[in-house]
Structure formats: structure tokens, C-alpha cells
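Source file: protein_34.cif; contents: mmCIF, C-alpha atoms (C1' of nucleotides) and all ligand atoms.
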```
data_model
loop_
_atom_site.label_atom_id
_atom_site.label_comp_id
_atom_site.auth_asym_id
_atom_site.auth_seq_id
_atom_site.Cartn_x
_atom_site.Cartn_y
_atom_site.Cartn_z
CA MET A 238 0.00 0.00 0.00
CA ALA A 239 2.94 2.23 0.56
CA HIS A 240 3.46 3.21 -3.04
CA LEU A 241 -0.10 2.89 -4.24
CA GLN A 242 -0.18 6.35 -5.66
CA GLY A 243 3.00 5.65 -7.60
CA ASP A 244 1.84 2.25 -8.77
CA LEU A 245 -1.38 3.74 -10.07
CA ALA A 246 0.51 6.48 -11.87
CA LYS A 247 2.59 3.81 -13.56
CA VAL A 248 -0.49 2.12 -14.91
CA LEU A 249 -1.73 5.39 -16.34
CA ILE A 250 1.62 6.16 -17.94
CA GLU A 251 1.76 2.71 -19.51
CA ARG A 252 -1.53 3.52 -21.16
CA GLU A 253 -0.33 6.91 -22.36
CA ILE A 254 -2.40 8.83 -19.85
CA LYS A 255 -0.65 11.74 -18.18
CA PRO A 256 -1.00 11.01 -14.48
CA SER A 257 -2.45 14.21 -13.14
CA TYR A 258 -3.48 14.21 -9.51
CA HIS A 259 -7.18 14.08 -10.26
CA ARG A 260 -6.74 11.28 -12.75
CA ILE A 261 -4.80 9.23 -10.25
CA ARG A 262 -7.47 9.76 -7.62
CA ILE A 263 -10.30 8.83 -9.94
CA TYR A 264 -8.47 5.72 -11.05
CA ARG A 265 -7.70 4.86 -7.45
CA TYR A 266 -11.36 5.29 -6.62
CA LEU A 267 -12.31 2.74 -9.26
CA VAL A 268 -9.65 0.32 -8.06
CA GLU A 269 -10.69 0.60 -4.43
CA ASN A 270 -14.45 0.71 -5.00
CA ARG A 271 -15.45 -2.26 -7.07
CA THR A 272 -19.09 -1.30 -6.83
CA HIS A 273 -19.62 -0.14 -10.42
CA PRO A 274 -20.25 3.42 -9.30
CA THR A 275 -22.12 6.13 -11.15
CA VAL A 276 -20.55 9.51 -11.88
CA GLU A 277 -22.67 10.93 -9.09
CA GLN A 278 -21.26 8.44 -6.58
CA ILE A 279 -17.69 9.06 -7.63
CA TYR A 280 -18.27 12.77 -7.44
CA SER A 281 -19.88 12.92 -4.03
CA ASP A 282 -17.32 10.58 -2.49
CA LEU A 283 -14.21 12.18 -3.94
CA GLN A 284 -15.44 15.69 -3.34
CA LYS A 285 -14.92 15.21 0.38
CA GLU A 286 -11.19 15.07 -0.15
CA LEU A 287 -10.96 17.04 -3.38
CA PRO A 288 -13.27 20.00 -2.90
CA THR A 289 -12.45 21.57 -6.26
CA LEU A 290 -13.15 18.45 -8.28
CA SER A 291 -15.83 18.97 -10.90
CA LYS A 292 -18.19 16.54 -12.51
CA ALA A 293 -16.94 17.63 -15.91
CA THR A 294 -13.52 16.32 -14.97
CA ILE A 295 -14.99 13.00 -13.93
CA TYR A 296 -16.81 12.68 -17.23
CA ASN A 297 -13.69 13.72 -19.15
CA THR A 298 -11.47 11.35 -17.22
CA LEU A 299 -13.74 8.34 -17.50
CA LYS A 300 -14.04 8.94 -21.22
CA LEU A 301 -10.26 9.06 -21.45
CA PHE A 302 -9.85 5.90 -19.34
CA SER A 303 -12.36 4.17 -21.53
CA ASP A 304 -10.62 5.21 -24.75
CA LYS A 305 -7.30 4.03 -23.35
CA GLY A 306 -8.72 0.73 -22.20
CA ILE A 307 -8.37 0.88 -18.43
CA ALA A 308 -12.05 1.46 -17.63
CA LYS A 309 -15.30 0.62 -19.25
CA THR A 310 -18.75 2.11 -19.36
CA MET A 311 -21.54 -0.20 -18.34
CA THR A 312 -25.02 0.20 -19.79
CA ILE A 313 -26.69 -2.40 -17.63
CA GLU A 314 -29.45 0.01 -16.71
CA GLU A 315 -31.29 2.72 -18.58
CA LYS A 316 -30.83 5.82 -16.49
CA GLU A 317 -27.19 6.25 -15.48
CA ALA A 318 -23.97 4.83 -16.82
CA ARG A 319 -21.82 2.88 -14.42
CA TYR A 320 -18.08 2.35 -14.53
CA ASP A 321 -15.75 -0.54 -13.90
CA ILE A 322 -12.04 -1.04 -14.22
CA VAL A 323 -11.06 -3.38 -17.02
CA GLU A 324 -10.03 -6.71 -15.65
CA GLU A 325 -10.43 -10.37 -16.34
CA ASN A 326 -13.66 -11.27 -18.07
CA HIS A 327 -16.62 -11.37 -15.78
CA GLY A 328 -20.35 -10.91 -16.07
CA HIS A 329 -22.59 -8.53 -14.17
CA PHE A 330 -25.79 -9.21 -12.31
CA LYS A 331 -28.04 -6.34 -11.30
CA CYS A 332 -30.51 -6.85 -8.49
CA LYS A 333 -33.79 -5.12 -9.25
CA GLU A 334 -34.52 -4.89 -5.55
CA CYS A 335 -31.45 -3.36 -3.94
CA GLY A 336 -29.86 -2.08 -7.12
CA ASP A 337 -26.48 -3.60 -6.37
CA ILE A 338 -24.43 -4.94 -9.25
CA TYR A 339 -22.55 -8.16 -8.59
CA ASP A 340 -19.64 -9.58 -10.53
CA PHE A 341 -19.77 -13.23 -11.44
CA LYS A 342 -17.32 -15.55 -13.11
CA ILE A 343 -18.03 -16.34 -16.70
CA ASP A 344 -15.78 -17.35 -19.53
CA ILE A 345 -16.98 -14.85 -22.03
CA ASP A 346 -14.46 -15.98 -24.59
CA ASP A 347 -16.07 -19.38 -24.57
CA LEU A 348 -19.29 -17.90 -25.85
CA GLY A 349 -19.81 -19.17 -29.33
CA THR A 350 -19.85 -16.56 -32.05
CA GLY A 351 -21.47 -18.70 -34.68
CA ASP A 352 -23.28 -16.17 -36.83
CA LEU A 353 -20.56 -13.57 -36.53
CA ASN A 354 -18.03 -14.89 -39.01
CA GLY A 355 -16.01 -12.01 -40.35
CA PHE A 356 -17.08 -9.68 -37.57
CA LYS A 357 -14.43 -7.96 -35.47
CA ILE A 358 -15.46 -8.23 -31.85
CA ASP A 359 -13.90 -5.65 -29.55
CA GLN A 360 -16.07 -5.88 -26.49
CA LYS A 361 -18.27 -8.47 -24.86
CA ASP A 362 -20.74 -7.73 -22.09
CA VAL A 363 -22.96 -10.15 -20.22
CA TYR A 364 -25.69 -8.56 -18.13
CA PHE A 365 -28.09 -10.52 -15.97
CA LYS A 366 -30.95 -9.10 -13.96
CA GLY A 367 -33.08 -10.46 -11.17
CA ILE A 368 -33.14 -10.68 -7.38
CA CYS A 369 -29.99 -11.27 -5.41
CA ARG A 370 -29.78 -13.81 -2.64
CA GLY A 371 -30.00 -11.28 0.15
CA CYS A 372 -33.16 -9.73 -1.27
CA GLN A 373 -35.18 -12.91 -1.75
CA MET B 196 -50.92 -12.44 -43.78
CA ALA B 197 -54.67 -12.30 -44.14
CA HIS B 198 -55.44 -12.18 -40.47
CA LEU B 199 -52.27 -10.59 -39.22
CA GLN B 200 -54.06 -7.87 -37.36
CA GLY B 201 -56.22 -10.45 -35.66
CA ASP B 202 -53.32 -12.74 -34.87
CA LEU B 203 -51.43 -9.90 -33.29
CA ALA B 204 -54.44 -8.89 -31.24
CA LYS B 205 -54.65 -12.44 -29.98
CA VAL B 206 -51.08 -12.31 -28.73
CA LEU B 207 -51.81 -9.11 -26.85
CA ILE B 208 -54.97 -10.52 -25.31
CA GLU B 209 -53.11 -13.63 -24.20
CA ARG B 210 -50.75 -11.36 -22.32
CA GLU B 211 -53.59 -9.37 -20.77
CA ILE B 212 -53.02 -6.34 -22.92
CA LYS B 213 -56.15 -4.70 -24.29
CA PRO B 214 -55.59 -4.65 -28.03
CA SER B 215 -56.21 -1.03 -28.91
CA TYR B 216 -55.49 -0.03 -32.47
CA HIS B 217 -52.29 1.81 -31.61
CA ARG B 218 -51.02 -1.04 -29.50
CA ILE B 219 -51.59 -3.49 -32.31
CA ARG B 220 -49.80 -1.25 -34.75
CA ILE B 221 -46.81 -0.75 -32.46
CA TYR B 222 -46.57 -4.46 -31.81
CA ARG B 223 -46.88 -5.16 -35.52
CA TYR B 224 -44.10 -2.67 -36.15
CA LEU B 225 -41.79 -4.58 -33.82
CA VAL B 226 -42.71 -7.89 -35.40
CA GLU B 227 -42.14 -6.64 -38.93
CA ASN B 228 -39.05 -4.54 -38.21
CA ARG B 229 -36.48 -6.68 -36.48
CA THR B 230 -33.99 -3.85 -36.48
CA HIS B 231 -34.07 -3.05 -32.76
CA PRO B 232 -35.56 0.37 -33.40
CA THR B 233 -35.45 3.41 -31.16
CA VAL B 234 -38.58 5.23 -30.08
CA GLU B 235 -37.73 7.93 -32.58
CA GLN B 236 -37.61 5.40 -35.43
CA ILE B 237 -40.88 3.80 -34.45
CA TYR B 238 -42.46 7.20 -34.16
CA SER B 239 -41.33 8.64 -37.46
CA ASP B 240 -42.23 5.49 -39.37
CA LEU B 241 -45.64 4.91 -37.85
CA GLN B 242 -46.58 8.56 -37.96
CA LYS B 243 -46.90 8.33 -41.72
CA GLU B 244 -49.91 6.08 -41.36
CA LEU B 245 -51.07 7.18 -37.92
CA PRO B 246 -50.82 10.95 -37.94
CA THR B 247 -52.23 11.38 -34.44
CA LEU B 248 -49.82 8.96 -32.80
CA SER B 249 -47.80 10.56 -30.04
CA LYS B 250 -44.41 9.65 -28.66
CA ALA B 251 -45.93 9.43 -25.21
CA THR B 252 -48.08 6.57 -26.43
CA ILE B 253 -45.06 4.79 -27.81
CA TYR B 254 -43.24 5.11 -24.51
CA ASN B 255 -46.33 4.00 -22.60
CA THR B 256 -46.94 1.07 -24.88
CA LEU B 257 -43.38 -0.19 -24.89
CA LYS B 258 -43.33 0.01 -21.12
CA LEU B 259 -46.54 -2.01 -21.02
CA PHE B 260 -45.21 -4.57 -23.50
CA SER B 261 -42.07 -4.88 -21.46
CA ASP B 262 -43.98 -5.39 -18.21
CA LYS B 263 -46.16 -8.01 -19.86
CA GLY B 264 -43.18 -9.81 -21.35
CA ILE B 265 -43.70 -9.41 -25.08
CA ALA B 266 -40.98 -6.82 -25.69
CA LYS B 267 -37.74 -5.90 -24.07
CA THR B 268 -35.69 -2.77 -23.63
CA MET B 269 -32.12 -3.00 -24.84
CA THR B 270 -29.40 -0.90 -23.21
CA ILE B 271 -26.64 -1.84 -25.60
CA GLU B 272 -25.73 1.78 -26.11
CA GLU B 273 -25.64 4.79 -23.87
CA LYS B 274 -27.82 7.35 -25.56
CA GLU B 275 -31.12 5.80 -26.66
CA ALA B 276 -32.95 2.67 -25.64
CA ARG B 277 -33.76 0.16 -28.33
CA TYR B 278 -36.57 -2.35 -28.43
CA ASP B 279 -36.91 -5.94 -29.50
CA ILE B 280 -39.71 -8.43 -29.36
CA VAL B 281 -39.12 -11.24 -26.92
CA GLU B 282 -38.20 -14.40 -28.72
CA GLU B 283 -35.80 -17.28 -28.45
CA ASN B 284 -32.55 -16.41 -26.74
CA HIS B 285 -30.10 -14.59 -28.90
CA GLY B 286 -27.24 -12.19 -28.44
CA HIS B 287 -26.78 -8.74 -29.94
CA PHE B 288 -23.83 -7.31 -31.77
CA LYS B 289 -23.59 -3.57 -32.33
CA CYS B 290 -21.36 -2.27 -35.10
CA LYS B 291 -19.56 0.88 -34.01
CA GLU B 292 -19.23 1.92 -37.63
CA CYS B 293 -22.70 1.67 -39.14
CA GLY B 294 -24.61 1.45 -35.88
CA ASP B 295 -26.60 -1.59 -36.94
CA ILE B 296 -27.44 -4.17 -34.34
CA TYR B 297 -27.24 -7.79 -35.44
CA ASP B 298 -28.79 -10.81 -33.80
CA PHE B 299 -26.62 -13.84 -33.33
CA LYS B 300 -27.31 -17.29 -32.03
CA ILE B 301 -26.12 -18.01 -28.55
CA ASP B 302 -27.30 -20.44 -25.96
CA ILE B 303 -27.62 -18.02 -23.13
CA ASP B 304 -28.99 -20.69 -20.84
CA ASP B 305 -25.76 -22.59 -21.21
CA LEU B 306 -23.88 -19.74 -19.63
CA GLY B 307 -22.62 -20.91 -16.31
CA THR B 308 -23.95 -19.07 -13.28
CA GLY B 309 -21.29 -20.25 -10.90
CA ASP B 310 -21.12 -17.43 -8.39
CA LEU B 311 -24.82 -16.76 -8.46
CA ASN B 312 -26.11 -19.55 -6.26
CA GLY B 313 -29.35 -18.48 -4.67
CA PHE B 314 -29.87 -15.62 -7.10
CA LYS B 315 -33.08 -15.42 -9.07
CA ILE B 316 -32.21 -14.62 -12.66
CA ASP B 317 -35.03 -13.09 -14.69
CA GLN B 318 -33.20 -11.71 -17.67
CA LYS B 319 -29.99 -12.41 -19.52
CA ASP B 320 -28.45 -10.08 -22.06
CA VAL B 321 -25.35 -10.61 -24.14
CA TYR B 322 -24.04 -7.54 -25.89
CA PHE B 323 -21.03 -7.56 -28.21
CA LYS B 324 -19.53 -4.54 -29.93
CA GLY B 325 -17.11 -4.14 -32.79
CA ILE B 326 -17.09 -3.83 -36.56
CA CYS B 327 -19.46 -5.81 -38.71
CA ARG B 328 -18.35 -7.70 -41.77
CA GLY B 329 -19.66 -5.13 -44.23
CA CYS B 330 -17.85 -2.29 -42.51
CA GLN B 331 -14.38 -3.85 -42.35
"C1'" DT C 245 -77.43 8.88 -26.05
"C1'" DT C 246 -75.16 9.02 -21.56
"C1'" DC C 247 -71.74 7.54 -18.52
"C1'" DC C 248 -67.39 5.82 -16.86
"C1'" DG C 249 -63.10 3.80 -17.10
"C1'" DT C 250 -59.29 3.38 -20.28
"C1'" DT C 251 -56.26 5.11 -23.71
"C1'" DT C 252 -54.04 8.76 -25.86
"C1'" DT C 253 -52.24 13.29 -26.30
"C1'" DG C 254 -49.51 17.60 -25.65
"C1'" DT C 255 -46.56 19.76 -22.95
"C1'" DA C 256 -43.81 20.71 -19.02
"C1'" DA C 257 -40.37 18.83 -15.90
"C1'" DT C 258 -36.49 16.02 -15.01
"C1'" DG C 259 -31.94 14.55 -15.19
"C1'" DA C 260 -27.81 12.64 -17.31
"C1'" DT C 261 -24.54 13.89 -20.53
"C1'" DT C 262 -22.05 17.05 -23.68
"C1'" DA C 263 -20.22 21.43 -25.36
"C1'" DC C 264 -17.41 25.04 -24.69
"C1'" DA C 265 -15.12 29.10 -23.32
"C1'" DA C 266 -12.65 30.75 -19.32
"C1'" DT C 267 -9.42 29.70 -15.74
"C1'" DT C 268 -5.81 27.22 -13.53
"C1'" DC C 269 -2.00 24.27 -13.54
"C1'" DT C 270 2.63 22.46 -15.11
"C1'" DA C 271 6.72 21.92 -17.35
"C1'" DT C 272 10.16 24.06 -19.81
"C1'" DA C 273 13.04 27.81 -21.68
"C1'" DA C 274 14.94 32.27 -21.28
"C1'" DT D 69 13.08 33.39 -11.13
"C1'" DT D 70 9.83 34.66 -14.56
"C1'" DA D 71 7.57 34.20 -18.92
"C1'" DT D 72 5.12 31.30 -21.94
"C1'" DA D 73 2.65 27.57 -24.23
"C1'" DG D 74 0.06 23.65 -23.92
"C1'" DA D 75 -2.68 20.66 -21.12
"C1'" DA D 76 -5.99 19.91 -17.53
"C1'" DT D 77 -9.81 21.50 -15.04
"C1'" DT D 78 -13.81 24.16 -14.05
"C1'" DG D 79 -18.51 26.23 -14.24
"C1'" DT D 80 -22.26 26.77 -16.77
"C1'" DA D 81 -25.27 26.51 -20.63
"C1'" DA D 82 -27.19 23.51 -24.09
"C1'" DT D 83 -28.89 19.13 -25.53
"C1'" DC D 84 -31.83 15.45 -25.60
"C1'" DA D 85 -34.08 11.12 -24.08
"C1'" DT D 86 -37.33 9.98 -20.83
"C1'" DT D 87 -41.02 10.77 -17.38
"C1'" DA D 88 -44.92 13.10 -15.23
"C1'" DC D 89 -49.29 14.64 -15.51
"C1'" DA D 90 -53.54 16.83 -16.44
"C1'" DA D 91 -56.70 17.36 -20.24
"C1'" DA D 92 -58.96 15.31 -24.13
"C1'" DA D 93 -60.57 11.52 -26.88
"C1'" DC D 94 -62.24 7.02 -27.16
"C1'" DG D 95 -65.21 2.80 -26.56
"C1'" DG D 96 -68.23 -0.29 -24.64
"C1'" DA D 97 -72.23 -1.02 -21.48
"C1'" DA D 98 -76.66 0.40 -20.11
MN MN E 401 -17.42 -5.72 -12.54
MN MN E 402 -32.72 -9.10 -31.40
ZN ZN E 403 -30.61 -7.27 -3.89
ZN ZN E 404 -21.22 -2.01 -39.71
#
```

Target encoding C-alpha cells, full file:
Amino acid sequence: MAHLQGDLAKVLIEREIKPSYHRIRIYRYLVENRTHPTVEQIYSDLQKELPTLSKATIYNTLKLFSDKGIAKTMTIEEKEARYDIVEENHGHFKCKECGDIYDFKIDIDDLGTGDLNGFKIDQKDVYFKGICRGCQ
Amino acid sequence: MAHLQGDLAKVLIEREIKPSYHRIRIYRYLVENRTHPTVEQIYSDLQKELPTLSKATIYNTLKLFSDKGIAKTMTIEEKEARYDIVEENHGHFKCKECGDIYDFKIDIDDLGTGDLNGFKIDQKDVYFKGICRGCQ
DNA sequence: TTCCGTTTTGTAATGATTACAATTCTATAA
DNA sequence: TTATAGAATTGTAATCATTACAAAACGGAA
């Protein structure tokens, strides 16, 4: 944990993202909060420590992260986008009751792509919806 | 084709949807246009024949269809929702170039649900993105 | 025809996202 | 150190899909 800030900066640099302080903090937020947060959640949490942070910066930064491949935008629900760091393939389950989004293991690359011969597939998302165990 | 209108009405009635004329026409539009249309597309196409049709009715009707299980809302992209009739499991591929959304065969029920013991799964969506064959 | 519940409409409100010009920051050169 | 240019950030206005809601139109029963 000692050099977390530095380690995070390294990741950004590797992806050709200049590691400004706000960018590092937003990335760190995503790494430490694997809850698939909305922009609003990121904003209200980070604002406590970064009073000058603006929502525009969060939108800009998440767009940049997404373009550079270290974060992804989730469209599992209709109203607000949610964000996740890019990591090993996994699916997402959204509970209609509590609203939480759970990760679950799935080998997305195993999914057959029968009809898609000749298609270039860049991104695969698996979204499930229902009621989580705790909400039954 | 002779009794299409009547056949469609029957489907609505089976699902406890009163088959008003607009509802039948919107459902027929979805059945005949398997292009995963937006509300805007449905509206501008149907308006030609139904000049009094309002967007509010389309939103209301699609919500009703979705609640009753004969249509579903797709969140494959961030800006606008798209709609599809409910039919045998299939995945969706969105081409980033031309914007078209293709169906493809996938056995969604075969997807493992390892971590989701005790979860009640109501809906499964598989969204791929990339470049379609024609756009390469 | 009258009546009542349902459907539809038009429009205003909402709210997330984007656009954009102004300001602040940062690194480098003089 | 100070000046300067480019990049990052900010605040706010604009956009646009969706929702809310009250008024109007419709449709079947009596
Ligand atoms: Mn995740
Ligand atoms: Mn489809
Ligand atoms: Zn839950
Ligand atoms: Zn294409």
C-alpha cells in the first residue's frame, strides 16, 4: 500500500495517460471501489477530499480511461452509466430490488460466435438481472 | 398475412393487454421490423400512417409490453434505448461503424452461473460490440 | 345517447450527458 | 526566477431522451 499512488501512476503512464493528480485519484477510486459506481457516486465521495473536483472532470477522465482501455462504461441500466475497471472477463448481475451490481465468473471468450463470421469483436458484455440472494 | 391484425391482437390478449389499435400497430411494427428500433424510429415510421400517434403513447406502450413480457428494452448503447420483441434467446452485436445491431445465435442458458447460487435470474443479455463484416 | 373507465395526447419537468469558453495548472526555456 | 505555451480543469449553458401529468378523446355497457 505504501506506493499505491506511484503504482497507479505507472499504470496510467503505460496507457499513455498523463497522471495528473485528479486522474490518479479517480483511477484509485475505481480500483478501491469495485461497486460499479455512477458519476454521481464518484463525485460525491471524492469531493470530500478534493473540494475543487468537478463533474466535468470526472466525465472527461472516465471517457479518457475508456478510450485508453483501463475502464469501461456499463449500460446495464437505462438511467445512469456505471463504470468498472477493465479486468479479467466477468459478467454482471443487477438486483432489481437493492440495485447492487454483482460480478460473477463467466468465460466470455467461450461464448460461441457462430453467426458472426467475419465480424471484429472488440467488447463483450454479459448482463443478468433479477433478485440477489439477500433480497429474496 | 390475411389475419395478421387479428393474430397480433390475440397475442396481446393472451398477455392481458387490451388490443387497442395503436397497440396493435406498435406491436406489428416490432414484429415486422427486427432492427431493434429506437422510439424515434418507431415514431417517425408509424406517424406516416397514424398521424395522431404521439411519442408518449409509444413510450407508454413499450413500457406495457415490457412489463407483460412481449418486448424488451435494450441498453446496448448509452444514448437511446432500443426495443426488441421477446423471442428465443439470442445475443446482440452492435457495429460501431454503421450502428446496426445484429442478432446472433447463442445459448444463453448454457452460460454458467457459478457465483450466483441463490440468485433469481429473470433476464440475460449478451451484448457484443465491434465492426461488422460489411464495414471492415 | 349518456356515462365511466381506459387510452391517448400535448406539454412541461427532469436529469444525465455534452459542449465550450474561461481559468488554472505544469513543465520548460529564457 | 519569470515568462510562456500547452494541457488539464472548471462552471455553466445547451442538448436530448425519458417521465410526469392533467386534459382530451375514445369505446363499450346500459
Ligand atoms: Mn465488474
Ligand atoms: Mn434481437
Ligand atoms: Zn438485492
Ligand atoms: Zn457495420

Review point. Quick one: which residues from chain C are at most 9 Å off chain A, using all atoms listed in the file, as a PyMOL selection string?
Key: chain C and resi 259-261

Review point. So what do you get for atom CA of B:Lys319 versus atom CA of A:Asp304, distance-wise?
Key: 26.7 Å

Pick out the chain D residues within 12 Å of chain B. Count only C-alpha atoms (C1' of nucleotides). Give them as a PDB file with C-alpha atoms (C1' of nucleotides), in the frame of the given file.
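Below is the file selection26.pdb, written as the result:
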```pdb
ATOM      1  C1'  DT D  83     -28.890  19.130 -25.530  1.00  0.00           C
ATOM      2  C1'  DC D  84     -31.830  15.450 -25.600  1.00  0.00           C
ATOM      3  C1'  DA D  85     -34.080  11.120 -24.080  1.00  0.00           C
ATOM      4  C1'  DT D  86     -37.330   9.980 -20.830  1.00  0.00           C
ATOM      5  C1'  DT D  87     -41.020  10.770 -17.380  1.00  0.00           C
ATOM      6  C1'  DA D  88     -44.920  13.100 -15.230  1.00  0.00           C
ATOM      7  C1'  DC D  89     -49.290  14.640 -15.510  1.00  0.00           C
ATOM      8  C1'  DA D  93     -60.570  11.520 -26.880  1.00  0.00           C
ATOM      9  C1'  DC D  94     -62.240   7.020 -27.160  1.00  0.00           C
ATOM     10  C1'  DG D  95     -65.210   2.800 -26.560  1.00  0.00           C
TER      11       DG D  95
END
```

**Study point:** Counting all atoms listed in the file, the residue of A:Lys292, A:His273, A:Arg260, A:Arg370 that sits nearest chain B
**Key:**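 Of all the options, A:Arg370 lies closest to chain B.
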
Exercise for review: With all atoms listed in the file counted, collect every polymer residue having an atom within 8 Å of ligand ZN 403 (chain E); state the result as number ranges by chain.
Suggested key: A: 331-337, 368-373

Exercise for review: Give the residue list for ligand MN 401 (chain E) at 10 Å, counting all atoms listed in the file, as a PyMOL selection string, sorted by chain and then by residue number.
Suggested key: chain A and resi 271-273+309+311+319-330+338-342

Selected residues written out with C-alpha atoms, as a PDB file, in the coordinates of the input:
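Output below, filename out39.pdb:
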```
ATOM      1  CA  ARG A 271     -15.450  -2.260  -7.070  1.00  0.00           C
ATOM      2  CA  THR A 272     -19.090  -1.300  -6.830  1.00  0.00           C
ATOM      3  CA  HIS A 273     -19.620  -0.140 -10.420  1.00  0.00           C
ATOM      4  CA  LYS A 309     -15.300   0.620 -19.250  1.00  0.00           C
ATOM      5  CA  MET A 311     -21.540  -0.200 -18.340  1.00  0.00           C
ATOM      6  CA  ARG A 319     -21.820   2.880 -14.420  1.00  0.00           C
ATOM      7  CA  TYR A 320     -18.080   2.350 -14.530  1.00  0.00           C
ATOM      8  CA  ASP A 321     -15.750  -0.540 -13.900  1.00  0.00           C
ATOM      9  CA  ILE A 322     -12.040  -1.040 -14.220  1.00  0.00           C
ATOM     10  CA  VAL A 323     -11.060  -3.380 -17.020  1.00  0.00           C
ATOM     11  CA  GLU A 324     -10.030  -6.710 -15.650  1.00  0.00           C
ATOM     12  CA  GLU A 325     -10.430 -10.370 -16.340  1.00  0.00           C
ATOM     13  CA  ASN A 326     -13.660 -11.270 -18.070  1.00  0.00           C
ATOM     14  CA  HIS A 327     -16.620 -11.370 -15.780  1.00  0.00           C
ATOM     15  CA  GLY A 328     -20.350 -10.910 -16.070  1.00  0.00           C
ATOM     16  CA  HIS A 329     -22.590  -8.530 -14.170  1.00  0.00           C
ATOM     17  CA  PHE A 330     -25.790  -9.210 -12.310  1.00  0.00           C
ATOM     18  CA  ILE A 338     -24.430  -4.940  -9.250  1.00  0.00           C
ATOM     19  CA  TYR A 339     -22.550  -8.160  -8.590  1.00  0.00           C
ATOM     20  CA  ASP A 340     -19.640  -9.580 -10.530  1.00  0.00           C
ATOM     21  CA  PHE A 341     -19.770 -13.230 -11.440  1.00  0.00           C
ATOM     22  CA  LYS A 342     -17.320 -15.550 -13.110  1.00  0.00           C
TER      23      LYS A 342
END
```

Return as lines of an AutoDock Vina configuration file the centre and edge lengths, in Å with one decimal, of the box along x, y and z that encloses every atom of stretch 254-268 of chain C in the file, padded by 3 Å per side.
```
center_x = -27.7
center_y = 21.7
center_z = -19.6
size_x = 49.7
size_y = 24.1
size_z = 18.1
```
